[in-house]
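Structure, as C-alpha cells:
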Amino acid sequence: MSKNTKRLVRTLVCLALIIPALILQYALANVDICVWFVVFTLIYLLSSYDVLYKAGRNIFRGKVFDENFLMAIASIGALILGEYVEACVVMIFYQIGECFQSYAVGKSRKSITALMDIRPDIARVLRDGAIQTVEPDEVELGEIIVVNAGDKIPLDGEVVFGRSNLNVMALTGESKPLAVGVGDKVLSGTVCTDGQLQIKTEKEFYDSTVYKILDMVENASGKKAKVENFISAFSKYYTPFVVISALLLAIIPSIVTFEWKVWTFRALTFLVVSCPCALVISVPLGFFGGIGGIGKMGVLIKGANYVEQLAKANVFVLDKTGTITKGEFSVTDVYPPEKRQEILRYAYICESSSNHPISKSILKECKPFEFSGYDFEEIAGKGVVARKGDEVILCGNESLLKDNGITLAAQQYKEDLTKTLVYMSINGEFLGVIALSDTIREDSYEVVSNLKKSGAKVYMLTGDNKQTAQAVASKVGINDCYYELLPHDKMQKLEKILSAKDKRDVVCFIGDGINDAPSIMRADVGISMGGIGSDSAIEASDAVLMHDNLSSLIKAKTHCKKTMGIVKQNIVFALAVKFSALLLSVFGIGGMWYAVFADVGVSVLAILNSIRTLKTK
Amino acid sequence: MKKVIKLENLDCANCGMLLERTVAKIDGVTSATVNFMAQKLIVEIEDDKDGVLEAVKKSAKKVLPDVTLLGV
C-alpha cells in the first residue's frame with residue numbers, strides 16, 4: 001500500500017468512527033461530557049497524528065508558516081475551545097482533500113511524462129560483429145547501431161542497411177509513417193515500426209534530437225511567465241498576511257466585546273485558509289500541460305513566458321522563402337536557351353561553394369564535373385564571385401552585376417514576374433540568366449487570412465526582387481511587404497516594427513531558422529520552421545514548428561490562448577473562494593470545515609482544470 | 001555550472017516554492033528553480049566555489065525533510 005492509500009484508509013476509518021459517535025452523543029444525552037471529550041479526542045489523534053508530528057518537527061526547524069503547522073494550531077485550538085467535533089471533522093476533511101490532491105498531482109505528472117516518453121532506454125550497437133546492448137550515451141560517433149521493429153531510434157544517424165516505416169508522431173505530431181531506406185537520415189526519438197535498420201550514428205546522444213527536445217521541455221519551466229512571477233510574489237506575502245490578520249482578529253474584537261471564545265474560533269478558521277497551494281500548484285501545472293499539449297501538435301515552446309506571449313501575439317512578421325513558400329526552388333528556364341550548357345557549367349563552379357537554398361537548387365540542374373583552383377567569395381544577399389587568375393565569374397542578383405559595372409542586356413527576361421532570377425557574367429561580359437521558381441505553401445493563404453481575421457498585422461520580408469515579392473504577397477493576401485532586403489536590412493525592418501509597436505503589442509517573427517537567426521532572436525517571439533535537424537534553429541528560436549507547414553502556428557496560438565484562459569480561471573476562482581472564505585469567517589458564517597473546503601477543495605478543482613491544458617483537439 | 005537534483009515525494013507546491021527561495025539565497029547560487037511537475041530542483045552554481053552544492057543539499061533537507069534527494 002502506498003503512503004497515500006494508507007492515509008486515505010486511516011481517514012476513512014476515522015470517518016466511519018465519528019458518525020456513530022455523533023449519533024450516540026445525540027441519543028444518550030445523559031452521559032457525562034468528559035466521556036465524549038475523550039472519544040472525540042481519540043478519533044482526532046488517530047486522524048491527525050502525522051500532521052501533528054510534522055508540525056512539531058517543523059517548529060524545531062524554525063519553519064512556522066507551514067501547512068501542517070497551521071492545520072495543527074487551528075484544530076488544537078478548536079479542541080481547547082471545546083469544539084471537539086469540529087476539530088475531528090476539519091482534520092478528516094483536510095486529510096481526504098490532501099489525498100485527492102496528491103492523487104491528482106500524481107495523475108497529471110504521469111500523463112505529462114507519458115507524453116514525453118520518447119527517451120530511448122537502450123541502444124543495440126554492433127561491435128566486433130556482435131550486438132551489444134548499451135545505454136544510448138555510451139555509443140560513440142560513427143558506430144553502427146541496430147534498430148529492430150518496435151524500438152525507438154536512440155541516436156541521429158544515416159541508414160546504412162535495411163528499410164523501415166518510421167513513426168514520427170512523437171517528434172512532429174505527423175501521423176503518416178515515414179518510409180526510409182539506405183542513405184536516408186533518421187532522427188532519434190522516432191520509432192521503427194517494421195523491418196530492421198542499421199544506422200551509422202552521426203551525433204552523440206547529448207547532441208541528438210531526442211535529448212535536445214527532452215532537455216528543452218524539461219527546462220521549459222525555468223522561464224517563468226509574468227503570471228507565474230505574480231503568483232510567486234503573492235504566495236510570499238499571502239500566508240504571513242493571513243496569519244497576522246488572524247492574530248489581530250483574535251485579540252482586538254475580544255478586547256472590545258470580551259467574547260474571546262467566538263473571535264478566537266473565527267481566527268482559527270482564518271488559519272485553515274492561509275495556504276496559497278491551489279494557486280501555487282495549478283498555475284505552473286497549467287503551463288506545463290499547455291507546453292505538453294502544444295508539443296503533441298508538433299510545436300515546441302521553450303517556456304511558459306512564450307506561451308503567454310504567443311497567446312497575445314498580434315504582429316506577425318513572416319520571411320518569404322522557406323516560410324510562406326516551400327523554399328524548394330527549381331530551375332524553370334535558362335536564357336538565352338542556346339547557351340544553356342555554358343551557363344550551367346559556370347553556375348556549377350560558383351554555386352558548389354554555397355549553401356544557399358537557391359544555389360542548391362541550381363546545382364541539382366547541373367551536370368557535375370571536376371574543376372579546381374577557384375577562389376570563392378560569397379556576398380550575403382547578393383551572390384557568389386569565383387576567381388581564378390584573370391577569370392572572374394559572377395553569379396547572383398541584379399545588384400551584384402550592377403556593383404561590378406556590368407550592363408544587363410536583354411531586359412525581356414524580367415517579364416516573368418514571379419520568378420527568381422540569377423544573373424551570370426564572365427570576365428565583365430553579361431552571359432545569361434537562370435530563372436527559378438518557388439512554390440507557395442498550400443496553407444499560407446489560409447494562415448494569413450486567419451491571422452488577419454483575428455486582428456493581427458501581417459508583414460512579409462524578403463531578399464527577393466520587387467516583382468516576385470509582390471506577386472507572392474498578393475497571392476497569400478499580405479499587403480505590407482518589404483523586398484530586396486539583405487539579412488541586416490531584415491533586422492532593421494524588424495527593429496523598426498518593434499519600435500513602432502504599442503506597449504501591448506507582441507511581435508512574432510517566423511523564419512526558416514538558418515538565415516534569419518538574428519531576427520528570430522530579436523523578436524518578442526522568434527519561431528523557426530521545420531527546425532528538426534537544424535541545431536542552430538532550435539537554439540535561436542523561442543518556438544519551433546516541427547511540421548514543415550504553417551498551419552500548426554495557428555493551432556499552437558489557439559492552444560496558448562486556451563492555456564492562458566485556464567490559468568486565469570484558476571487564479572480568479574482560487575482567489576475568489578479564498579477571500580470569500582476569509583470574509584465569511586470574520587462574520588462567523590459557516591464552520592471551520594467550510595474553510596477546509598475552501599482550501600483543499602479549490603486546490604483539487606484547480607488541478608483538474610489545469611489538466612485540461614494537456615488535451616488537444 | 002548547472003546541477004539538477006531530483007526531488008522524490010515532493011507533494012506540496014508551496015514547499016517547492018519555499019525551497020526555491022531558500023536555495024536562491026545561498027551564497028554561490030546564481031539561480032534556483034523548482035519544477036514541481038518534473039520533481040526537480042535546477043540550480044546554477046558559480047564555478048569556482050566549493051561546498052555550494054553541499055549547502056544546497058543541506059538546506060533542501062532542512063526545508064523539506066520528507067523529500068528524498070536523488071541524482072546529485
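Within each chain, counting starts at residue 1; across the C-alpha cells, chains are named A, B, ... in the order shown, with ligands numbered 1 upward in that order.
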
Determine which residues of chain A sit within 6 Å of chain B, taking into account only C-alpha atoms, and present them as a PDB file with C-alpha atoms, in the first residue's frame.
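Result file part.pdb:
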ATOM      1  CA  ARG A 109       2.554  14.033 -13.566  1.00  0.00           C
ATOM      2  CA  CYS A 277      -1.447  25.961  -2.502  1.00  0.00           C
ATOM      3  CA  VAL A 280       0.952  27.617  -6.467  1.00  0.00           C
ATOM      4  CA  ILE A 281       0.162  24.216  -7.946  1.00  0.00           C
TER       5      ILE A 281
END

Identify all residues of segment 380-509 of chain A in helix (DSSP H, G or I) (DSSP on the backbone) and supply them as a PyMOL selection string. chain A and resi 398-403+411-415+444-453+466-476+487-500

Where in segment 144-297 of chain A does DSSP assign strand (DSSP E or B), given as a PyMOL selection string? chain A and resi 144-147+152+157-161+164-167+178-180+185-186+191-192+197-201

Shell around Arg345 of chain A at 9 Å using only C-alpha atoms, local window under 3 positions removed, as a list of chain:residue names: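 Non-adjacent residues within range: A:Arg340, A:Gln341, A:Glu342, A:Tyr348, A:Ile349, A:Cys366, A:Lys367, A:Pro368, A:Phe369.
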
Print the selection's residues with N, CA and C atoms to a file, as a compact mmCIF listing (two decimals), in the first residue's frame.
# COMPACT_ATOMS: atom_id res chain seq x y z
N ARG A 340 22.60 27.38 -72.81
CA ARG A 340 22.25 26.64 -71.61
C ARG A 340 23.43 25.88 -70.99
N GLN A 341 24.09 25.08 -71.84
CA GLN A 341 25.21 24.25 -71.37
C GLN A 341 26.30 25.09 -70.70
N GLU A 342 26.67 26.16 -71.40
CA GLU A 342 27.75 27.02 -70.94
C GLU A 342 27.37 27.69 -69.62
N TYR A 348 27.66 25.97 -62.07
CA TYR A 348 28.07 24.84 -61.21
C TYR A 348 29.31 25.20 -60.41
N ILE A 349 30.27 25.86 -61.08
CA ILE A 349 31.51 26.26 -60.40
C ILE A 349 31.21 27.19 -59.23
N CYS A 366 22.54 21.04 -62.72
CA CYS A 366 23.81 20.99 -63.46
C CYS A 366 24.38 19.59 -63.52
N LYS A 367 25.19 19.37 -64.56
CA LYS A 367 25.91 18.11 -64.67
C LYS A 367 27.22 18.26 -63.89
N PRO A 368 27.48 17.38 -62.92
CA PRO A 368 28.70 17.55 -62.12
C PRO A 368 29.95 17.30 -62.96
N PHE A 369 31.01 18.04 -62.69
CA PHE A 369 32.31 17.77 -63.33
C PHE A 369 33.41 18.24 -62.39

Residues at most 8 Å from segment 49-56 of chain B, counting only C-alpha atoms, excluding those fewer than 4 positions away in the same chain, as a ChimeraX atom specification? /B:23,26-29,45,60

Pick out the residues sitting within 10 Å of segment 551-564 of chain A, and hand them over as a PyMOL selection string; count only C-alpha atoms, and ignore anything fewer than 5 positions along from it in its own chain. chain A and resi 227+283+286-291+293-301+304+306-313+442-448+450-451+510+527+529+543-546+569-570+610-617

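Taking atom CA of Asn465 of chain A and atom CA of Tyr483 of chain A as endpoints, the distance between them is 6.0 Å.
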
Env of Lys496 of chain A: 12 Å cut, atoms = only C-alpha atoms, seq-sep filter 2 positions within chain, self excluded. Answer as a list in words.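 Contacts, in chain order: Val317, Asp489, Lys490, Met491, Gln492, Lys493, Leu494, Leu498, Ser499, Ala500, Lys501, Val507, Ser519, Arg522 and Ala523 of chain A.
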
Restricting the output to C-alpha atoms, write the selected residues as a PDB file, in the first residue's frame.
ATOM      1  CA  VAL A 317       6.482  39.176 -39.498  1.00  0.00           C
ATOM      2  CA  ASP A 489      18.124  45.031 -43.640  1.00  0.00           C
ATOM      3  CA  LYS A 490      15.605  42.447 -42.456  1.00  0.00           C
ATOM      4  CA  MET A 491      16.888  43.001 -38.962  1.00  0.00           C
ATOM      5  CA  GLN A 492      16.498  46.778 -39.343  1.00  0.00           C
ATOM      6  CA  LYS A 493      12.950  46.419 -40.676  1.00  0.00           C
ATOM      7  CA  LEU A 494      12.096  44.203 -37.727  1.00  0.00           C
ATOM      8  CA  LEU A 498       9.394  46.628 -32.905  1.00  0.00           C
ATOM      9  CA  SER A 499       9.956  50.288 -32.106  1.00  0.00           C
ATOM     10  CA  ALA A 500       6.698  51.339 -33.747  1.00  0.00           C
ATOM     11  CA  LYS A 501       4.642  48.872 -31.779  1.00  0.00           C
ATOM     12  CA  VAL A 507       5.820  40.866 -32.349  1.00  0.00           C
ATOM     13  CA  SER A 519      15.772  38.302 -36.428  1.00  0.00           C
ATOM     14  CA  ARG A 522      15.401  39.785 -31.691  1.00  0.00           C
ATOM     15  CA  ALA A 523      11.620  39.338 -31.984  1.00  0.00           C
TER      16      ALA A 523
END

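The space between atom CA of Pro154 of chain A and atom CA of Lys176 of chain A spans 20.6 Å.
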
What is the atom CA of Ala78 of chain A-atom CA of Thr257 of chain A distance in Å, reported with one decimal?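 We find that atom CA of Ala78 of chain A and atom CA of Thr257 of chain A lie 19.9 Å from each other.
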